Every structure is written in C-alpha cells, then in structure tokens.
file upload-v5.txt (compact mmCIF, C-alpha atoms)
# COMPACT_ATOMS: atom_id res chain seq x y z
CA MET A 190 -16.72 -12.76 -19.12
CA LYS A 191 -15.52 -13.95 -15.73
CA ILE A 192 -13.52 -11.82 -13.32
CA LYS A 193 -12.09 -12.21 -9.84
CA LEU A 194 -13.03 -9.30 -7.61
CA LEU A 195 -11.06 -8.41 -4.47
CA TYR A 196 -11.89 -5.84 -1.78
CA PHE A 197 -9.48 -4.15 0.64
CA GLY A 198 -9.57 -1.46 3.29
CA ARG A 199 -12.81 0.28 4.18
CA PRO A 200 -15.14 -1.25 1.54
CA ALA A 201 -14.00 -4.78 2.49
CA ASP A 202 -14.64 -4.00 6.15
CA ARG A 203 -17.97 -2.18 5.75
CA LEU A 204 -19.45 -4.52 3.12
CA ASN A 205 -18.05 -7.58 4.87
CA ILE A 206 -16.58 -9.07 1.72
CA THR A 207 -12.98 -9.84 0.73
CA HIS A 208 -13.42 -11.54 -2.65
CA GLU A 209 -15.92 -12.96 -5.12
CA LEU A 210 -16.02 -14.45 -8.59
CA LEU A 211 -18.29 -12.65 -11.02
CA ASP A 212 -19.65 -13.95 -14.28
CA LEU A 213 -20.44 -10.81 -16.22
CA SER A 214 -22.19 -12.76 -18.97
CA THR A 215 -25.16 -13.86 -16.86
CA ALA A 216 -28.53 -12.23 -17.33
CA HIS A 217 -28.22 -10.37 -14.04
CA PHE A 218 -25.67 -8.06 -15.55
CA SER A 219 -26.31 -5.33 -17.99
CA ALA A 220 -24.54 -5.99 -21.27
CA GLU A 221 -22.80 -2.68 -20.77
CA VAL A 222 -20.20 -3.72 -18.19
CA ALA A 223 -16.97 -2.88 -20.02
CA THR A 224 -15.03 -0.51 -17.79
CA LEU A 225 -14.32 -0.23 -14.07
CA ALA A 226 -16.84 2.62 -13.90
CA ASP A 227 -19.52 0.34 -15.44
CA LEU A 228 -18.72 -2.42 -12.95
CA LEU A 229 -19.10 0.04 -10.07
CA VAL A 230 -22.45 1.24 -11.39
CA TRP A 231 -23.62 -2.38 -11.39
CA LEU A 232 -22.24 -3.15 -7.92
CA ARG A 233 -23.97 -0.08 -6.45
CA LEU A 234 -27.32 -1.64 -7.42
CA ARG A 235 -26.78 -4.18 -4.65
CA GLY A 236 -28.16 -1.77 -2.07
CA ALA A 237 -27.72 1.37 -0.02
CA ALA A 238 -24.51 0.24 1.71
CA TRP A 239 -22.90 -0.61 -1.63
CA LYS A 240 -24.01 2.67 -3.13
CA GLN A 241 -22.50 4.53 -0.19
CA GLU A 242 -19.23 2.60 0.16
CA LEU A 243 -18.48 2.46 -3.56
CA ALA A 244 -19.07 6.17 -4.19
CA GLU A 245 -16.54 7.28 -6.77
CA GLN A 246 -14.64 9.71 -4.56
CA LYS A 247 -14.21 7.10 -1.80
CA ILE A 248 -12.53 4.32 -3.74
CA ARG A 249 -9.56 3.41 -5.88
CA CYS A 250 -9.18 0.39 -8.18
CA ALA A 251 -6.59 -1.93 -9.64
CA ILE A 252 -6.75 -4.28 -12.62
CA ASN A 253 -4.33 -7.21 -12.52
CA GLN A 254 -2.47 -5.62 -9.60
CA LYS A 255 -1.91 -2.24 -11.30
CA PHE A 256 -3.63 0.96 -10.11
CA SER A 257 -6.19 1.77 -12.79
CA HIS A 258 -8.44 4.66 -13.76
CA LEU A 259 -12.17 4.08 -13.80
CA ASN A 260 -12.33 4.43 -17.58
CA GLU A 261 -10.09 1.38 -18.07
CA GLU A 262 -11.65 -1.71 -19.61
CA ILE A 263 -12.12 -5.04 -17.86
CA LYS A 264 -11.34 -8.20 -19.80
CA ASP A 265 -12.15 -11.87 -19.30
CA GLY A 266 -10.03 -13.41 -16.55
CA ASP A 267 -8.99 -10.09 -15.01
CA GLU A 268 -8.31 -9.68 -11.30
CA VAL A 269 -10.07 -6.48 -10.26
CA ALA A 270 -9.53 -4.90 -6.83
CA ILE A 271 -11.65 -2.22 -5.16
CA PHE A 272 -10.29 -0.41 -2.12
CA SER A 273 -10.16 2.81 -0.14
CA PRO A 274 -7.21 5.18 -0.72
CA ILE A 275 -4.02 3.51 0.52
CA SER A 276 -2.41 4.36 3.87
CA GLY A 277 0.77 2.41 4.50
CA GLY A 278 4.01 3.23 6.26
CA MET B 272 15.44 -10.84 -0.07
CA ARG B 273 14.80 -7.12 -0.35
CA VAL B 274 11.13 -7.00 0.64
CA SER B 275 9.26 -8.71 3.49
CA ILE B 276 5.63 -8.34 4.47
CA GLN B 277 5.21 -9.96 7.86
CA GLN B 278 3.20 -9.97 11.08
CA HIS B 279 6.15 -10.41 13.42
CA ASP B 280 8.47 -7.66 14.61
CA PHE B 281 11.97 -7.00 13.25
CA ASP B 282 15.27 -6.17 14.88
CA LEU B 283 16.95 -3.08 13.44
CA GLY B 284 20.47 -4.13 14.44
CA THR B 285 20.12 -7.54 12.83
CA GLU B 286 18.75 -6.03 9.63
CA LEU B 287 21.48 -3.39 9.36
CA ALA B 288 24.20 -5.95 9.97
CA ALA B 289 22.77 -8.12 7.18
CA LEU B 290 22.43 -5.09 4.90
CA HIS B 291 26.11 -4.18 4.73
CA GLY B 292 27.14 -7.81 4.76
CA ASN B 293 30.69 -7.10 5.99
CA THR B 294 31.88 -6.63 2.43
CA GLY B 295 33.67 -3.40 3.26
CA GLN B 296 32.03 -1.65 0.31
CA ALA B 297 29.35 0.16 2.30
CA GLY B 298 30.41 3.47 3.79
CA ALA B 299 26.91 4.51 4.79
CA LEU B 300 23.84 2.86 6.22
CA VAL B 301 20.61 4.85 6.57
CA SER B 302 17.43 3.50 8.12
CA PHE B 303 13.91 4.78 8.65
CA VAL B 304 11.63 3.05 11.16
CA GLY B 305 7.94 4.00 11.31
CA LEU B 306 6.12 3.51 14.63
CA VAL B 307 2.50 3.37 15.77
CA ARG B 308 1.55 6.68 17.42
CA ASP B 309 -0.71 6.64 20.47
CA PHE B 310 -2.64 9.75 19.47
CA SER B 311 -4.37 10.66 16.24
CA ASN B 312 -6.54 13.76 15.78
CA GLY B 313 -6.67 14.23 19.54
CA LYS B 314 -7.92 10.69 20.20
CA GLN B 315 -6.07 7.94 22.00
CA ILE B 316 -5.28 4.98 19.76
CA GLU B 317 -5.80 1.53 21.23
CA ASN B 318 -4.41 -0.34 18.24
CA ILE B 319 -4.09 -0.23 14.49
CA TYR B 320 -4.87 -2.96 12.00
CA LEU B 321 -2.87 -3.13 8.79
CA GLU B 322 -3.79 -5.07 5.70
CA HIS B 323 -2.26 -5.31 2.25
CA TYR B 324 -2.86 -6.68 -1.24
CA PRO B 325 -0.70 -9.82 -1.43
CA GLY B 326 1.21 -9.96 -4.68
CA MET B 327 0.57 -6.36 -5.70
CA THR B 328 2.31 -5.04 -2.59
CA GLU B 329 5.54 -6.91 -3.29
CA LYS B 330 5.45 -5.83 -6.96
CA ALA B 331 4.87 -2.19 -6.04
CA LEU B 332 7.69 -2.19 -3.47
CA ASN B 333 10.12 -3.85 -5.87
CA THR B 334 9.26 -1.29 -8.55
CA ILE B 335 9.98 1.53 -6.06
CA ILE B 336 13.30 -0.06 -5.06
CA ASP B 337 14.26 -0.61 -8.72
CA GLU B 338 13.61 3.07 -9.42
CA ALA B 339 15.69 4.11 -6.39
CA THR B 340 18.49 1.79 -7.50
CA SER B 341 18.50 3.38 -10.96
CA ARG B 342 18.66 6.89 -9.47
CA TRP B 343 21.36 6.29 -6.88
CA GLN B 344 24.32 3.97 -6.54
CA LEU B 345 23.15 1.63 -3.83
CA ILE B 346 24.81 -1.47 -2.49
CA ASN B 347 21.74 -2.91 -0.82
CA VAL B 348 18.14 -2.10 0.16
CA ARG B 349 15.85 -3.67 2.75
CA VAL B 350 12.13 -2.98 3.22
CA ILE B 351 10.04 -4.68 5.91
CA HIS B 352 6.37 -3.79 6.41
CA ARG B 353 4.32 -5.38 9.15
CA VAL B 354 0.63 -6.27 8.80
CA GLY B 355 -2.06 -7.34 11.27
CA LEU B 356 -2.82 -5.89 14.69
CA LEU B 357 -0.22 -3.47 16.13
CA LEU B 358 -0.13 -1.55 19.41
CA PRO B 359 1.14 2.00 20.08
CA SER B 360 4.96 2.27 19.98
CA GLU B 361 5.32 -0.90 17.92
CA GLN B 362 7.43 -0.82 14.77
CA ILE B 363 5.43 -0.75 11.53
CA VAL B 364 7.93 -0.32 8.74
CA LEU B 365 11.66 -0.40 8.04
CA VAL B 366 13.39 1.12 5.04
CA ALA B 367 17.17 0.73 5.08
CA THR B 368 19.75 1.56 2.43
CA ALA B 369 23.46 0.84 2.10
CA ALA B 370 25.71 2.86 -0.19
CA SER B 371 29.37 3.82 -0.54
CA HIS B 372 28.63 7.38 0.56
CA ARG B 373 25.93 9.01 2.65
CA PRO B 374 24.18 11.26 0.06
CA ALA B 375 22.90 8.27 -1.92
CA ALA B 376 21.92 6.33 1.21
CA PHE B 377 20.00 9.29 2.71
CA ALA B 378 18.23 10.26 -0.53
CA ALA B 379 17.25 6.71 -1.52
CA CYS B 380 15.89 5.93 1.95
CA GLU B 381 13.67 9.01 1.89
CA TYR B 382 12.60 8.34 -1.70
CA ILE B 383 11.55 4.76 -0.88
CA ILE B 384 9.48 5.63 2.21
CA ASP B 385 7.83 8.55 0.37
CA TYR B 386 6.74 6.30 -2.50
CA LEU B 387 5.81 3.45 -0.16
CA LYS B 388 3.24 5.76 1.42
CA THR B 389 1.61 6.72 -1.87
CA ALA B 390 2.15 3.76 -4.21
CA ALA B 391 2.16 0.54 -2.16
CA PRO B 392 -1.24 -1.02 -1.39
CA PHE B 393 -1.47 -1.03 2.41
CA TRP B 394 -4.46 0.03 4.48
CA LYS B 395 -4.47 1.14 8.10
CA ARG B 396 -7.45 1.10 10.47
CA GLU B 397 -7.22 2.95 13.76
CA GLN B 398 -9.12 1.72 16.79
CA THR B 399 -9.93 4.20 19.55
CA SER B 400 -11.97 3.37 22.66
CA ASN B 401 -15.24 3.72 20.74
CA THR B 402 -14.57 4.10 17.03
CA THR B 403 -12.73 2.53 14.12
CA HIS B 404 -11.44 4.68 11.32
CA TRP B 405 -9.72 3.78 8.03
CA LEU B 406 -6.91 6.18 7.27
CA GLU B 407 -6.41 7.54 3.77
CA THR B 408 -3.48 8.89 1.81
CA ARG B 409 -2.60 12.33 3.18
CA ASP B 410 -2.17 15.32 0.92
CA SER B 411 1.15 16.01 2.66
CA ASP B 412 2.36 12.52 1.67
CA GLU B 413 1.27 13.07 -1.94
CA GLN B 414 3.16 16.37 -1.95
CA ARG B 415 6.30 14.74 -0.57
CA THR B 416 6.20 12.12 -3.31
CA ALA B 417 5.53 14.75 -5.98
CA ARG B 418 8.78 16.51 -5.03
CA TRP B 419 10.71 13.58 -6.52
CA GLU B 420 8.94 13.69 -9.87
CA ASN B 421 10.99 16.60 -11.20
CA LYS B 422 14.11 15.95 -9.24
CA THR B 423 17.13 14.04 -10.44
CA ALA B 424 19.60 12.44 -8.09
call {"tool": "encode", "arguments": {"input": "upload-v5.txt", "output": "structure tokens"}}
result
Amino acid sequence: MKIKLLYFGRPADRLNITHELLDLSTAHFSAEVATLADLLVWLRLRGAAWKQELAEQKIRCAINQKFSHLNEEIKDGDEVAIFSPISGG
Amino acid sequence: MRVSIQQHDFDLGTELAALHGNTGQAGALVSFVGLVRDFSNGKQIENIYLEHYPGMTEKALNTIIDEATSRWQLINVRVIHRVGLLLPSEQIVLVATAASHRPAAFAACEYIIDYLKTAAPFWKREQTSNTTHWLETRDSDEQRTARWENKTA
C-alpha cells in the first residue's frame, strides 16, 4: 500500500518535512497500519521529536483532502495530511 | 472566480465594484476584512506567516460558500485569503457578499468568515522578536461557528 503524506503547520515546521511517499508494504512497517491512528503510532517511532510533535492532542488529519478522525482507514493511493489545528482568517 | 488564495494584496474598492457588477440587482454589499494585529498575548508581532493546503483549501471554501448560498439569497460572493509573510496592519482576508437586501448580505458574510476560521485549512505562525508560535483554532471561534448549526436563515 502506497500513500502520499503531507505535513502542514507546526509539525511541518518542527519536523522539517512537507511531504513524503510511504510504501506501507515494506518490511519496515508493521502489518497493522490500517487507520490514521496506526500510521501515527508508526511515525512516532522515528524519534523523540516525532513522538512529541505527533502527540494525539496536538494534531489533526485529513484523508484525500477531507478532515478525518483517527479511526478512519487508509487505503492504497490515499493522500494523507497531518497538521496542527487550523488558524486561518 | 469566487475564491482566491494569493500572496499579493487586494483592493477592497475594486473587489466590491466587481462583486455587484453594475447589474442593478444588488441592493446590499457587505464586506469583512481581516488584518494582522501588532500585538498578541502582550507581545509585539513582527510578522505572521500563513500557509494553506492547496486543493483542500479551495474545496473547503467553496463548500462553505455553497452552504451560504443555499441558506440565503445571494447575488455574488467573493473570498480572498492571502498566504506567505505578512506584516502588522496588512490585509489577510476578504469576505464580501452581494444580495438584494441587507439581512442576507450581513448574515452570509458573517457565516462565511465564521466557517472559514474553523473549517478551511490555513495555518498562521506569529513571529515576535525572539519566538515563533503557531496559532491554533480558538474556542471562541468554534463557539461562533457552532451558533450556526441550529440556526436557520
């Protein structure tokens, strides 16, 4: 399963990343990545900064450009975005 | 063109003139312009940086405008949101509505800016002399939006 991952707001700034392509079928991933919450668990394993910036209460997510709850499933080809709570206007 | 996301500034007079289009139908124009404040939480702001989610932002704004258009009889709507680096007193956002009568124009303008603040993917980073700080959705903004949930036009 391949997904496009985008970052905006504070996590993009603090983790110094705007986008990446992930292949969730490689051996590096647990076979359990099925929901946004699972993806976040996996991303937090990248280190202390990731664990801190991607803490559940600090972020919001979208799948295919729609705000999504963390229990929503990710599918092959999805565009997933991770960001801090929005602050426009 | 109802929605523009742009770095450059906008001219309110030009936008309002285009909004009513000299058709004679519009009896009311209402506009809201949001500006960069120079103080936040007691600290002087040097600049703000605004970013957005290209594609999703336009979709979200069009959905908000469609909902406003279904609630009120509007002749035209214009939303401009700037992104990039902005200085205190600069214009950030324009929401303008044209309608036959003022109640619809007032209500729809307020509705659109309220939802823009809680449902359109923009992010704002404040720079003071020694810190940067990402702003987050305010509870007061959420409450303003929630008022519309149970309200009909």
call {"tool": "residues_around", "arguments": {"input": "upload-v5.txt", "residues": "B:Arg308", "least_positions_apart": "2", "cutoff": "12 Å", "atoms": "all atoms listed in the file", "output": "count of residues only"}}
result
23
call {"tool": "interface_residues", "arguments": {"input": "upload-v5.txt", "of": "chain B", "to": "chain A", "cutoff": "9 Å", "atoms": "all atoms listed in the file", "output": "PyMOL selection string"}}
result
chain B and resi 305-306+321-324+326-328+330-331+352+363-365+384-385+387-396+404-409
call {"tool": "atom_distance", "arguments": {"input": "upload-v5.txt", "atom1": "atom CA of B:Cys380", "atom2": "atom CA of B:Phe303"}}
result
7.1 Å
call {"tool": "axis_aligned_box", "arguments": {"input": "upload-v5.txt", "around": "stretch 260-275 of chain A", "padding_each_side": "5 Å", "output": "JSON"}}
result
{"center_x": -8.2, "center_y": -4.1, "center_z": -9.6, "size_x": 18.3, "size_y": 28.6, "size_z": 30.3}
call {"tool": "atom_distance", "arguments": {"input": "upload-v5.txt", "atom1": "atom CA of B:Asp282", "atom2": "atom CA of B:Arg342"}}
result
27.8 Å
call {"tool": "residues_around", "arguments": {"input": "upload-v5.txt", "residues": "stretch 230-242 of chain A", "least_positions_apart": "3", "cutoff": "9 Å", "atoms": "all atoms listed in the file", "output": "PDB file with C-alpha atoms, keeping the file's coordinate frame"}}
result
ATOM      1  CA  ARG A 199     -12.810   0.280   4.180  1.00  0.00           C
ATOM      2  CA  PRO A 200     -15.140  -1.250   1.540  1.00  0.00           C
ATOM      3  CA  ARG A 203     -17.970  -2.180   5.750  1.00  0.00           C
ATOM      4  CA  LEU A 204     -19.450  -4.520   3.120  1.00  0.00           C
ATOM      5  CA  PHE A 218     -25.670  -8.060 -15.550  1.00  0.00           C
ATOM      6  CA  SER A 219     -26.310  -5.330 -17.990  1.00  0.00           C
ATOM      7  CA  VAL A 222     -20.200  -3.720 -18.190  1.00  0.00           C
ATOM      8  CA  LEU A 225     -14.320  -0.230 -14.070  1.00  0.00           C
ATOM      9  CA  ALA A 226     -16.840   2.620 -13.900  1.00  0.00           C
ATOM     10  CA  ASP A 227     -19.520   0.340 -15.440  1.00  0.00           C
ATOM     11  CA  GLU A 245     -16.540   7.280  -6.770  1.00  0.00           C
ATOM     12  CA  LYS A 247     -14.210   7.100  -1.800  1.00  0.00           C
ATOM     13  CA  ILE A 248     -12.530   4.320  -3.740  1.00  0.00           C
TER      14      ILE A 248
END
call {"tool": "residues_around", "arguments": {"input": "upload-v5.txt", "residues": "B:Ala375", "least_positions_apart": "2", "cutoff": "12 Å", "atoms": "all atoms listed in the file", "output": "number ranges by chain"}}
result
B: 297-301, 339-348, 367-373, 377-383, 423-424
call {"tool": "atom_distance", "arguments": {"input": "upload-v5.txt", "atom1": "atom CA of B:Ser411", "atom2": "atom CA of B:Val274"}}
result
25.2 Å
call {"tool": "closest_residue", "arguments": {"input": "upload-v5.txt", "among": "A:Ala201, A:Leu243, A:Leu228, A:Ile192", "to": "A:Lys264", "atoms": "all atoms listed in the file"}}
result
A:Ile192
call {"tool": "closest_residue", "arguments": {"input": "upload-v5.txt", "among": "B:Lys422, B:Val354, B:Ser302, B:Ile335", "to": "B:Ala376", "atoms": "all atoms listed in the file"}}
result
B:Ser302
call {"tool": "residues_around", "arguments": {"input": "upload-v5.txt", "residues": "B:Arg273", "least_positions_apart": "5", "cutoff": "9 Å", "atoms": "all atoms listed in the file", "output": "mmCIF file with C-alpha atoms, in the coordinates of the input"}}
result
data_model
loop_
_atom_site.group_PDB
_atom_site.id
_atom_site.type_symbol
_atom_site.label_atom_id
_atom_site.label_comp_id
_atom_site.auth_asym_id
_atom_site.auth_seq_id
_atom_site.Cartn_x
_atom_site.Cartn_y
_atom_site.Cartn_z
ATOM 1 C CA ASN B 333 10.120 -3.850 -5.870
ATOM 2 C CA ILE B 336 13.300 -0.060 -5.060
ATOM 3 C CA ASN B 347 21.740 -2.910 -0.820
ATOM 4 C CA VAL B 348 18.140 -2.100 0.160
ATOM 5 C CA ARG B 349 15.850 -3.670 2.750
ATOM 6 C CA VAL B 350 12.130 -2.980 3.220
ATOM 7 C CA ILE B 351 10.040 -4.680 5.910
#
call {"tool": "decode", "arguments": {"input": "upload-v5.txt", "residues": "stretch 341-368 of chain B", "atoms": "N, CA and C atoms", "output": "short mmCIF file (atom, residue, chain, number, x, y, z; two decimals), in the first residue's frame"}}
result
data_model
loop_
_atom_site.label_atom_id
_atom_site.label_comp_id
_atom_site.auth_asym_id
_atom_site.auth_seq_id
_atom_site.Cartn_x
_atom_site.Cartn_y
_atom_site.Cartn_z
N SER B 341 -27.08 28.39 -0.23
CA SER B 341 -28.34 27.65 -0.07
C SER B 341 -29.17 28.20 1.09
N ARG B 342 -28.50 28.86 2.04
CA ARG B 342 -29.25 29.42 3.18
C ARG B 342 -29.84 30.79 2.89
N TRP B 343 -29.11 31.59 2.12
CA TRP B 343 -29.56 32.96 1.85
C TRP B 343 -29.56 33.23 0.36
N GLN B 344 -30.41 34.14 -0.05
CA GLN B 344 -30.47 34.53 -1.46
C GLN B 344 -29.35 35.53 -1.73
N LEU B 345 -28.29 35.03 -2.34
CA LEU B 345 -27.14 35.88 -2.60
C LEU B 345 -26.97 36.06 -4.10
N ILE B 346 -26.49 37.23 -4.47
CA ILE B 346 -26.23 37.50 -5.88
C ILE B 346 -24.79 37.12 -6.21
N ASN B 347 -23.90 37.35 -5.27
CA ASN B 347 -22.49 37.07 -5.54
C ASN B 347 -21.71 36.97 -4.22
N VAL B 348 -20.61 36.24 -4.26
CA VAL B 348 -19.74 36.08 -3.09
C VAL B 348 -18.29 36.15 -3.55
N ARG B 349 -17.45 36.78 -2.75
CA ARG B 349 -16.02 36.82 -3.07
C ARG B 349 -15.24 36.54 -1.78
N VAL B 350 -14.30 35.59 -1.87
CA VAL B 350 -13.40 35.32 -0.74
C VAL B 350 -11.97 35.38 -1.26
N ILE B 351 -11.14 36.19 -0.61
CA ILE B 351 -9.71 36.24 -0.91
C ILE B 351 -8.97 35.97 0.40
N HIS B 352 -8.03 35.05 0.38
CA HIS B 352 -7.21 34.80 1.56
C HIS B 352 -5.76 34.87 1.14
N ARG B 353 -4.99 35.69 1.83
CA ARG B 353 -3.57 35.80 1.49
C ARG B 353 -2.75 34.75 2.24
N VAL B 354 -1.64 34.36 1.65
CA VAL B 354 -0.70 33.43 2.28
C VAL B 354 0.71 34.02 2.16
N GLY B 355 1.65 33.43 2.91
CA GLY B 355 3.03 33.92 2.89
C GLY B 355 3.28 34.84 4.08
N LEU B 356 4.28 35.68 3.92
CA LEU B 356 4.72 36.55 5.03
C LEU B 356 3.95 37.87 5.01
N LEU B 357 3.31 38.21 6.15
CA LEU B 357 2.52 39.45 6.23
C LEU B 357 2.95 40.25 7.46
N LEU B 358 2.91 41.56 7.31
CA LEU B 358 3.32 42.47 8.38
C LEU B 358 2.10 43.05 9.10
N PRO B 359 2.28 43.55 10.35
CA PRO B 359 1.16 44.17 11.06
C PRO B 359 0.46 45.22 10.20
N SER B 360 -0.87 45.25 10.33
CA SER B 360 -1.77 46.15 9.60
C SER B 360 -2.06 45.69 8.18
N GLU B 361 -1.36 44.70 7.67
CA GLU B 361 -1.68 44.22 6.32
C GLU B 361 -3.01 43.47 6.32
N GLN B 362 -3.65 43.47 5.16
CA GLN B 362 -4.90 42.73 4.99
C GLN B 362 -4.59 41.25 4.84
N ILE B 363 -5.38 40.41 5.55
CA ILE B 363 -5.20 38.96 5.44
C ILE B 363 -6.29 38.34 4.58
N VAL B 364 -7.54 38.74 4.89
CA VAL B 364 -8.67 38.01 4.30
C VAL B 364 -9.79 38.99 3.95
N LEU B 365 -10.48 38.68 2.86
CA LEU B 365 -11.68 39.41 2.48
C LEU B 365 -12.82 38.42 2.29
N VAL B 366 -13.96 38.72 2.92
CA VAL B 366 -15.20 38.01 2.60
C VAL B 366 -16.20 39.10 2.21
N ALA B 367 -16.76 39.01 1.02
CA ALA B 367 -17.73 40.02 0.59
C ALA B 367 -18.94 39.33 -0.03
N THR B 368 -20.11 39.87 0.29
CA THR B 368 -21.36 39.29 -0.22
C THR B 368 -22.21 40.38 -0.86
#
